[in-house]
$ cat work_24.cif   # mmCIF, C-alpha atoms and all ligand atoms
data_query
loop_
_atom_site.label_atom_id
_atom_site.label_comp_id
_atom_site.auth_asym_id
_atom_site.auth_seq_id
_atom_site.Cartn_x
_atom_site.Cartn_y
_atom_site.Cartn_z
CA MET A 1 -13.17 -2.93 2.03
CA ALA A 2 -10.15 -0.81 1.20
CA PHE A 3 -6.65 -2.23 1.12
CA THR A 4 -4.47 -1.17 4.04
CA LEU A 5 -0.75 -0.87 4.77
CA PRO A 6 0.40 -3.84 6.87
CA ALA A 7 2.56 -2.99 9.88
CA LEU A 8 6.24 -3.88 9.67
CA PRO A 9 6.95 -7.04 11.70
CA TYR A 10 10.03 -5.32 13.27
CA ALA A 11 11.26 -1.80 14.04
CA THR A 12 12.46 0.38 11.15
CA ASP A 13 16.03 0.29 12.52
CA ALA A 14 15.99 -3.48 13.18
CA LEU A 15 17.75 -4.40 9.92
CA GLU A 16 20.68 -2.01 10.49
CA PRO A 17 23.42 -1.89 9.32
CA HIS A 18 22.38 -3.88 6.24
CA ILE A 19 19.24 -1.87 5.56
CA ASP A 20 19.13 1.54 7.20
CA LYS A 21 16.33 3.05 9.27
CA MET A 22 15.54 5.95 6.94
CA THR A 23 15.27 3.66 3.92
CA MET A 24 12.84 1.44 5.83
CA GLU A 25 10.78 4.42 7.01
CA ILE A 26 10.42 5.87 3.52
CA HIS A 27 10.14 2.53 1.72
CA HIS A 28 7.38 1.23 3.98
CA GLY A 29 5.70 4.42 5.19
CA LYS A 30 5.79 6.40 1.93
CA HIS A 31 6.35 4.10 -1.08
CA HIS A 32 4.28 1.13 0.07
CA GLN A 33 1.62 3.48 1.47
CA ALA A 34 1.42 5.19 -1.94
CA TYR A 35 0.83 1.84 -3.69
CA VAL A 36 -2.00 1.10 -1.23
CA THR A 37 -3.55 4.57 -1.63
CA ASN A 38 -3.34 4.48 -5.42
CA LEU A 39 -4.65 0.89 -5.61
CA ASN A 40 -7.71 1.94 -3.58
CA LYS A 41 -8.16 4.98 -5.83
CA ALA A 42 -7.95 2.85 -9.00
CA LEU A 43 -10.59 0.40 -7.70
CA GLU A 44 -12.86 2.96 -6.00
CA GLY A 45 -16.54 2.19 -6.56
CA LYS A 46 -15.77 -0.97 -8.56
CA PRO A 47 -16.93 -4.47 -7.49
CA GLU A 48 -13.34 -5.70 -7.97
CA ALA A 49 -12.38 -3.61 -4.92
CA ASN A 50 -13.71 -6.52 -2.83
CA ASN A 51 -11.43 -9.10 -4.45
CA SER A 52 -8.39 -10.36 -2.59
CA ILE A 53 -5.03 -8.97 -3.67
CA GLU A 54 -3.99 -12.53 -4.71
CA ASP A 55 -7.04 -12.83 -6.98
CA ILE A 56 -6.36 -9.43 -8.53
CA ILE A 57 -2.70 -10.31 -9.16
CA LYS A 58 -3.54 -13.69 -10.74
CA ASN A 59 -5.98 -12.01 -13.14
CA ILE A 60 -4.06 -8.78 -13.66
CA SER A 61 -4.55 -8.77 -17.46
CA LYS A 62 -8.21 -7.85 -16.84
CA TYR A 63 -7.27 -4.69 -14.93
CA PRO A 64 -5.98 -1.25 -15.97
CA MET A 65 -2.28 -0.39 -15.68
CA ALA A 66 -2.83 1.58 -12.43
CA VAL A 67 -4.00 -1.63 -10.74
CA ARG A 68 -1.10 -3.62 -12.21
CA ASN A 69 1.46 -1.11 -10.92
CA ASN A 70 -0.07 -0.35 -7.53
CA GLY A 71 -1.62 -3.76 -6.86
CA GLY A 72 1.71 -5.33 -7.76
CA GLY A 73 3.45 -2.84 -5.48
CA HIS A 74 1.12 -3.69 -2.60
CA TYR A 75 1.43 -7.47 -3.07
CA ASN A 76 5.21 -7.43 -3.55
CA HIS A 77 6.00 -5.19 -0.60
CA SER A 78 3.56 -6.95 1.76
CA MET A 79 5.53 -10.12 1.03
CA PHE A 80 8.96 -8.45 1.06
CA TRP A 81 8.70 -7.18 4.67
CA THR A 82 7.98 -10.70 5.90
CA LEU A 83 11.01 -12.10 4.05
CA LEU A 84 13.36 -9.99 6.16
CA SER A 85 14.21 -10.34 9.84
CA PRO A 86 16.82 -8.93 12.22
CA SER A 87 17.53 -12.53 13.25
CA GLY A 88 17.69 -13.69 9.64
CA GLY A 89 20.61 -14.64 7.43
CA GLY A 90 22.51 -17.90 7.17
CA GLU A 91 21.23 -20.68 4.95
CA PRO A 92 17.91 -22.49 4.73
CA SER A 93 17.81 -26.04 6.04
CA GLY A 94 15.20 -28.77 5.74
CA GLU A 95 13.26 -29.38 2.55
CA LEU A 96 13.84 -25.89 1.17
CA GLY A 97 17.60 -26.18 1.74
CA SER A 98 17.68 -29.57 -0.02
CA ALA A 99 15.57 -28.30 -2.92
CA ILE A 100 17.87 -25.29 -3.40
CA THR A 101 20.97 -27.51 -3.39
CA SER A 102 19.50 -30.05 -5.80
CA THR A 103 18.19 -27.35 -8.18
CA PHE A 104 21.08 -24.89 -8.23
CA GLY A 105 24.07 -27.04 -7.16
CA SER A 106 24.74 -25.22 -3.88
CA PHE A 107 23.44 -22.35 -1.78
CA ALA A 108 26.34 -20.21 -3.05
CA ASP A 109 25.35 -20.93 -6.68
CA PHE A 110 21.76 -20.04 -5.84
CA LYS A 111 22.86 -16.72 -4.30
CA THR A 112 24.93 -15.93 -7.39
CA LYS A 113 21.94 -16.65 -9.61
CA VAL A 114 19.59 -14.39 -7.60
CA ASN A 115 22.18 -11.60 -7.42
CA GLU A 116 22.71 -11.82 -11.19
CA ALA A 117 18.96 -11.68 -11.78
CA GLY A 118 18.78 -8.58 -9.57
CA ALA A 119 21.88 -6.85 -10.87
CA THR A 120 20.98 -7.34 -14.55
CA ARG A 121 17.35 -6.23 -14.24
CA PHE A 122 17.49 -2.92 -16.13
CA GLY A 123 15.79 -0.05 -14.33
CA SER A 124 13.35 -1.05 -11.58
CA GLY A 125 12.07 -4.48 -10.70
CA TRP A 126 12.41 -7.60 -8.60
CA ALA A 127 14.49 -10.79 -8.46
CA TRP A 128 12.47 -13.86 -7.44
CA LEU A 129 12.66 -17.45 -6.26
CA ILE A 130 9.49 -19.19 -7.43
CA VAL A 131 7.82 -22.58 -7.34
CA THR A 132 6.86 -23.32 -10.94
CA PRO A 133 3.54 -24.96 -11.93
CA ASP A 134 5.39 -28.33 -12.09
CA LYS A 135 6.62 -27.74 -8.50
CA LYS A 136 10.24 -26.96 -9.34
CA LEU A 137 12.30 -24.06 -8.00
CA ALA A 138 13.38 -21.34 -10.44
CA VAL A 139 15.01 -17.91 -10.26
CA CYS A 140 13.66 -15.10 -12.44
CA SER A 141 13.16 -11.36 -12.44
CA THR A 142 10.31 -9.02 -13.37
CA PRO A 143 10.17 -5.33 -14.35
CA ASN A 144 8.44 -2.55 -12.39
CA GLN A 145 5.97 -3.99 -9.82
CA ASP A 146 5.13 -7.08 -11.86
CA ASN A 147 5.58 -10.50 -10.27
CA PRO A 148 5.55 -14.16 -11.38
CA LEU A 149 2.02 -14.72 -10.01
CA MET A 150 0.60 -12.33 -12.64
CA ASP A 151 -1.07 -13.95 -15.65
CA ILE A 152 1.03 -11.69 -17.89
CA ALA A 153 4.38 -12.82 -16.42
CA GLU A 154 7.02 -14.18 -18.79
CA VAL A 155 8.06 -16.82 -16.21
CA LYS A 156 5.09 -17.91 -14.09
CA GLY A 157 5.03 -19.45 -10.64
CA THR A 158 4.36 -18.82 -6.98
CA PRO A 159 6.90 -16.39 -5.51
CA ILE A 160 8.35 -17.62 -2.19
CA PHE A 161 11.25 -15.16 -1.97
CA GLY A 162 12.02 -11.89 -3.72
CA ILE A 163 14.41 -8.96 -3.58
CA ASP A 164 13.27 -5.44 -4.41
CA VAL A 165 15.88 -3.87 -6.73
CA TRP A 166 14.16 -0.50 -7.15
CA GLU A 167 16.56 2.33 -6.30
CA HIS A 168 14.19 3.37 -3.48
CA ALA A 169 15.10 0.09 -1.74
CA TYR A 170 18.80 0.94 -1.39
CA TYR A 171 19.81 4.34 -2.75
CA LEU A 172 20.12 6.27 0.55
CA LYS A 173 22.73 3.84 1.85
CA TYR A 174 24.21 2.26 -1.27
CA GLN A 175 23.63 4.95 -3.95
CA ASN A 176 24.42 3.41 -7.35
CA ARG A 177 25.98 0.27 -5.83
CA ARG A 178 23.12 -2.18 -6.34
CA PRO A 179 25.49 -5.18 -6.06
CA ASP A 180 26.56 -4.02 -2.55
CA TYR A 181 22.90 -3.89 -1.48
CA LEU A 182 22.36 -7.32 -3.03
CA ALA A 183 25.36 -8.67 -1.10
CA ALA A 184 24.15 -7.19 2.22
CA ILE A 185 20.51 -8.22 2.14
CA TRP A 186 21.41 -11.92 2.54
CA ASN A 187 22.30 -11.12 6.18
CA VAL A 188 18.65 -10.43 7.01
CA ILE A 189 16.71 -13.04 5.01
CA ASN A 190 14.07 -14.83 7.09
CA TRP A 191 14.62 -18.39 5.82
CA LYS A 192 12.16 -19.82 8.33
CA HIS A 193 9.38 -17.85 6.64
CA VAL A 194 10.62 -18.64 3.12
CA ALA A 195 10.54 -22.34 4.09
CA GLU A 196 6.89 -21.93 5.19
CA LEU A 197 6.01 -20.31 1.85
CA TYR A 198 7.82 -23.14 0.06
CA ALA A 199 5.90 -25.81 1.99
CA LYS A 200 2.62 -24.09 1.07
CA ALA A 201 3.54 -23.77 -2.63
CA VAL A 202 4.73 -27.34 -3.35
MN MN B 301 10.10 -1.10 -3.09
#

$ encode --input "work_24.cif" --output "structure tokens" --more "lines below"
Ligand code: MN
Amino acid sequence: MAFTLPALPYATDALEPHIDKMTMEIHHGKHHQAYVTNLNKALEGKPEANNSIEDIIKNISKYPMAVRNNGGGHYNHSMFWTLLSPSGGGEPSGELGSAITSTFGSFADFKTKVNEAGATRFGSGWAWLIVTPDKKLAVCSTPNQDNPLMDIAEVKGTPIFGIDVWEHAYYLKYQNRRPDYLAAIWNVINWKHVAELYAKAV
């Protein structure tokens, strides 16, 4: 059972003007596809090829670097597409909204914290909102295609929201201006889905 590229849940131009069509086409169709192809190559003929991507990620220290990079890439991007929506933006309400306010002070403070985590991640990586093992919210970042679900992560937890800060996620439209990309992406965050992931993780 080979891993496959999940379809985008919206058209490639649906997140315009915040995230442009060509970026989405290349990011999903080329970069994510390459992670899937190279993950399958790295696991070819091995019994671990039948494991779920979640199981692989949670036990990533047992796998070679090609699986860490490409399996992480597949897991992270599969989640990332579902965190975005053309009808997204605004602020989360309900239990997630309350938890964000009580943890970070306000939604604005939370945004600042995530944007700082993304802007200060040197090179390529991700900024995350996680549910920690003691069921608290925390913001962190990881390098490359690592994520907080990996057993090697510095800060561990279940990711419920993440922002890709690789240059391939924003360079065509924003060039070197990562903070501009980080400011724009909040307009297309699918809080309804993040709230579902939160409910599952706590
Ligand atoms: Mn990416």

$ residues_near_ligand --input "work_24.cif" --ligand "ligand MN 301 (chain B)" --cutoff "6 Å" --atoms "all atoms listed in the file" --output "list in words"
Asp164, Trp166 and Ala169 of chain A

$ atom_distance --input "work_24.cif" --atom1 "atom CA of Ser52 of chain A" --atom2 "atom CA of Phe161 of chain A"
20.2 Å

$ residues_around --input "work_24.cif" --residues "segment 68-71 of chain A" --least-positions-apart "3" --cutoff "9 Å" --atoms "all atoms listed in the file" --output "mmCIF file with C-alpha atoms, in the coordinates of the input"
data_model
loop_
_atom_site.group_PDB
_atom_site.id
_atom_site.type_symbol
_atom_site.label_atom_id
_atom_site.label_comp_id
_atom_site.auth_asym_id
_atom_site.auth_seq_id
_atom_site.Cartn_x
_atom_site.Cartn_y
_atom_site.Cartn_z
ATOM 1 C CA HIS A 32 4.280 1.130 0.070
ATOM 2 C CA ALA A 34 1.420 5.190 -1.940
ATOM 3 C CA TYR A 35 0.830 1.840 -3.690
ATOM 4 C CA VAL A 36 -2.000 1.100 -1.230
ATOM 5 C CA THR A 37 -3.550 4.570 -1.630
ATOM 6 C CA ASN A 38 -3.340 4.480 -5.420
ATOM 7 C CA LEU A 39 -4.650 0.890 -5.610
ATOM 8 C CA ASN A 40 -7.710 1.940 -3.580
ATOM 9 C CA ALA A 42 -7.950 2.850 -9.000
ATOM 10 C CA ILE A 53 -5.030 -8.970 -3.670
ATOM 11 C CA ILE A 56 -6.360 -9.430 -8.530
ATOM 12 C CA ILE A 57 -2.700 -10.310 -9.160
ATOM 13 C CA ILE A 60 -4.060 -8.780 -13.660
ATOM 14 C CA SER A 61 -4.550 -8.770 -17.460
ATOM 15 C CA TYR A 63 -7.270 -4.690 -14.930
ATOM 16 C CA PRO A 64 -5.980 -1.250 -15.970
ATOM 17 C CA MET A 65 -2.280 -0.390 -15.680
ATOM 18 C CA HIS A 74 1.120 -3.690 -2.600
ATOM 19 C CA TYR A 75 1.430 -7.470 -3.070
ATOM 20 C CA ASN A 76 5.210 -7.430 -3.550
ATOM 21 C CA ASN A 144 8.440 -2.550 -12.390
ATOM 22 C CA GLN A 145 5.970 -3.990 -9.820
ATOM 23 C CA ASP A 146 5.130 -7.080 -11.860
ATOM 24 C CA MET A 150 0.600 -12.330 -12.640
#

$ closest_residue --input "work_24.cif" --among "A:Asn51, A:Ser93, A:Ala199, A:Val188" --to "Pro17 of chain A" --atoms "all atoms listed in the file"
A:Val188

$ residues_around --input "work_24.cif" --residues "Ile163 of chain A" --least-positions-apart "5" --cutoff "9 Å" --atoms "all atoms listed in the file" --output "compact mmCIF listing (two decimals) with C-alpha atoms, keeping the file's coordinate frame"
# COMPACT_ATOMS: atom_id res chain seq x y z
CA PHE A 80 8.96 -8.45 1.06
CA LEU A 83 11.01 -12.10 4.05
CA VAL A 114 19.59 -14.39 -7.60
CA GLY A 118 18.78 -8.58 -9.57
CA GLY A 125 12.07 -4.48 -10.70
CA TRP A 126 12.41 -7.60 -8.60
CA ALA A 127 14.49 -10.79 -8.46
CA TRP A 128 12.47 -13.86 -7.44
CA LEU A 182 22.36 -7.32 -3.03
CA ILE A 185 20.51 -8.22 2.14

$ atom_distance --input "work_24.cif" --atom1 "atom CA of Val131 of chain A" --atom2 "atom CA of Pro9 of chain A"
24.6 Å

$ closest_residue --input "work_24.cif" --among "A:Glu95, A:Glu48, A:Asp13, A:Asp55" --to "Ala195 of chain A" --atoms "only C-alpha atoms"
A:Glu95

$ atom_distance --input "work_24.cif" --atom1 "atom CA of Val165 of chain A" --atom2 "atom CA of Ala2 of chain A"
27.4 Å

$ closest_residue --input "work_24.cif" --among "A:His27, A:Lys41, A:Arg121, A:His77" --to "Arg178 of chain A" --atoms "only C-alpha atoms"
A:Arg121

$ closest_residue --input "work_24.cif" --among "A:Lys156, A:Lys136, A:Lys46, A:Lys113" --to "Val202 of chain A" --atoms "only C-alpha atoms"
A:Lys136

$ axis_aligned_box --input "work_24.cif" --around "segment 68-73 of chain A" --padding-each-side "4 Å" --output "AutoDock Vina command-line options"
--center_x 0.9 --center_y -2.8 --center_z -8.8 --size_x 13.1 --size_y 13.0 --size_z 14.7

$ residues_around --input "work_24.cif" --residues "Met24 of chain A" --least-positions-apart "5" --cutoff "10 Å" --atoms "all atoms listed in the file" --output "CSV table (one decimal) with C-alpha atoms, in the frame of the given file"
chain,number,residue,atom,x,y,z
A,8,LEU,CA,6.2,-3.9,9.7
A,11,ALA,CA,11.3,-1.8,14.0
A,12,THR,CA,12.5,0.4,11.2
A,13,ASP,CA,16.0,0.3,12.5
A,14,ALA,CA,16.0,-3.5,13.2
A,15,LEU,CA,17.8,-4.4,9.9
A,16,GLU,CA,20.7,-2.0,10.5
A,19,ILE,CA,19.2,-1.9,5.6
A,29,GLY,CA,5.7,4.4,5.2
A,30,LYS,CA,5.8,6.4,1.9
A,31,HIS,CA,6.4,4.1,-1.1
A,81,TRP,CA,8.7,-7.2,4.7
A,168,HIS,CA,14.2,3.4,-3.5
A,169,ALA,CA,15.1,0.1,-1.7
A,170,TYR,CA,18.8,0.9,-1.4

$ residues_near_point --input "work_24.cif" --point "(7.5, -18.9, 2.8)" --cutoff "10 Å" --atoms "all atoms listed in the file" --output "ChimeraX atom specification"
/A:79,82-83,96,159-161,190-201

$ closest_residue --input "work_24.cif" --among "A:Ala138, A:Ala66, A:His18, A:Ile152" --to "Asp180 of chain A" --atoms "all atoms listed in the file"
A:His18

$ decode --input "work_24.cif" --residues "segment 116-146 of chain A" --atoms "N, CA, C and O atoms" --output "compact mmCIF listing (two decimals), in the first residue's frame"
# COMPACT_ATOMS: atom_id res chain seq x y z
N GLU A 116 5.93 35.07 15.47
CA GLU A 116 7.32 35.12 15.95
C GLU A 116 7.99 33.77 15.79
O GLU A 116 9.15 33.68 15.35
N ALA A 117 7.27 32.71 16.13
CA ALA A 117 7.83 31.35 15.98
C ALA A 117 8.17 31.08 14.52
O ALA A 117 9.20 30.47 14.21
N GLY A 118 7.30 31.55 13.61
CA GLY A 118 7.54 31.34 12.18
C GLY A 118 8.64 32.22 11.63
O GLY A 118 9.48 31.78 10.85
N ALA A 119 8.64 33.48 12.06
CA ALA A 119 9.61 34.44 11.51
C ALA A 119 11.02 34.15 12.01
O ALA A 119 12.00 34.43 11.32
N THR A 120 11.15 33.60 13.22
CA THR A 120 12.48 33.39 13.78
C THR A 120 13.02 31.98 13.52
O THR A 120 14.14 31.68 13.90
N ARG A 121 12.23 31.13 12.90
CA ARG A 121 12.73 29.80 12.53
C ARG A 121 13.75 30.00 11.41
O ARG A 121 13.40 30.39 10.31
N PHE A 122 15.01 29.73 11.68
CA PHE A 122 16.07 29.96 10.69
C PHE A 122 15.98 28.90 9.60
O PHE A 122 15.87 27.72 9.89
N GLY A 123 16.05 29.35 8.34
CA GLY A 123 15.98 28.40 7.23
C GLY A 123 14.56 27.91 7.05
O GLY A 123 13.62 28.70 7.10
N SER A 124 14.39 26.61 6.85
CA SER A 124 13.07 26.05 6.55
C SER A 124 12.48 25.34 7.77
O SER A 124 13.20 24.75 8.56
N GLY A 125 11.16 25.40 7.88
CA GLY A 125 10.51 24.70 8.98
C GLY A 125 9.06 25.07 9.10
O GLY A 125 8.44 25.56 8.15
N TRP A 126 8.53 24.86 10.29
CA TRP A 126 7.11 25.04 10.57
C TRP A 126 6.90 25.69 11.93
O TRP A 126 7.68 25.45 12.86
N ALA A 127 5.85 26.52 12.02
CA ALA A 127 5.37 27.04 13.32
C ALA A 127 4.11 26.25 13.66
O ALA A 127 3.29 25.98 12.77
N TRP A 128 3.95 25.89 14.92
CA TRP A 128 2.87 24.97 15.32
C TRP A 128 2.07 25.48 16.53
O TRP A 128 2.63 26.11 17.41
N LEU A 129 0.79 25.09 16.56
CA LEU A 129 0.01 25.11 17.79
C LEU A 129 -0.23 23.65 18.14
O LEU A 129 -0.73 22.88 17.30
N ILE A 130 0.17 23.26 19.35
CA ILE A 130 0.05 21.85 19.74
C ILE A 130 -0.76 21.71 21.03
O ILE A 130 -0.91 22.66 21.80
N VAL A 131 -1.28 20.50 21.23
CA VAL A 131 -1.82 20.10 22.52
C VAL A 131 -0.75 19.23 23.17
O VAL A 131 -0.37 18.19 22.61
N THR A 132 -0.24 19.69 24.32
CA THR A 132 0.86 18.99 24.98
C THR A 132 0.34 17.71 25.66
O THR A 132 -0.87 17.54 25.82
N PRO A 133 1.24 16.82 26.08
CA PRO A 133 0.79 15.59 26.76
C PRO A 133 -0.08 15.86 27.99
O PRO A 133 -0.93 15.05 28.33
N ASP A 134 0.10 17.02 28.66
CA ASP A 134 -0.79 17.34 29.79
C ASP A 134 -1.98 18.21 29.35
O ASP A 134 -2.58 18.92 30.16
N LYS A 135 -2.30 18.12 28.05
CA LYS A 135 -3.53 18.71 27.48
C LYS A 135 -3.57 20.24 27.51
O LYS A 135 -4.64 20.84 27.57
N LYS A 136 -2.39 20.86 27.47
CA LYS A 136 -2.34 22.32 27.40
C LYS A 136 -1.99 22.74 25.97
O LYS A 136 -1.38 21.99 25.22
N LEU A 137 -2.34 23.98 25.62
CA LEU A 137 -1.94 24.51 24.32
C LEU A 137 -0.53 25.08 24.43
O LEU A 137 -0.16 25.65 25.45
N ALA A 138 0.24 24.96 23.35
CA ALA A 138 1.57 25.57 23.30
C ALA A 138 1.92 25.89 21.85
O ALA A 138 1.44 25.23 20.92
N VAL A 139 2.72 26.94 21.68
CA VAL A 139 3.23 27.30 20.35
C VAL A 139 4.70 26.91 20.30
O VAL A 139 5.44 27.12 21.26
N CYS A 140 5.11 26.31 19.18
CA CYS A 140 6.52 25.94 19.02
C CYS A 140 6.85 25.94 17.53
O CYS A 140 5.98 26.18 16.70
N SER A 141 8.10 25.69 17.21
CA SER A 141 8.46 25.54 15.80
C SER A 141 9.43 24.38 15.66
O SER A 141 10.05 23.95 16.64
N THR A 142 9.50 23.84 14.44
CA THR A 142 10.42 22.72 14.17
C THR A 142 11.19 23.01 12.88
O THR A 142 10.69 23.75 12.02
N PRO A 143 12.39 22.46 12.74
CA PRO A 143 13.16 22.65 11.51
C PRO A 143 12.74 21.66 10.42
O PRO A 143 12.14 20.62 10.72
N ASN A 144 13.07 21.99 9.19
CA ASN A 144 12.90 21.07 8.05
C ASN A 144 11.46 20.56 7.97
O ASN A 144 10.54 21.34 8.03
N GLN A 145 11.27 19.22 7.85
CA GLN A 145 9.91 18.65 7.85
C GLN A 145 9.63 17.91 9.14
O GLN A 145 8.76 17.04 9.20
N ASP A 146 10.35 18.24 10.20
CA ASP A 146 10.04 17.66 11.51
C ASP A 146 8.69 18.19 11.99
O ASP A 146 8.18 19.19 11.45
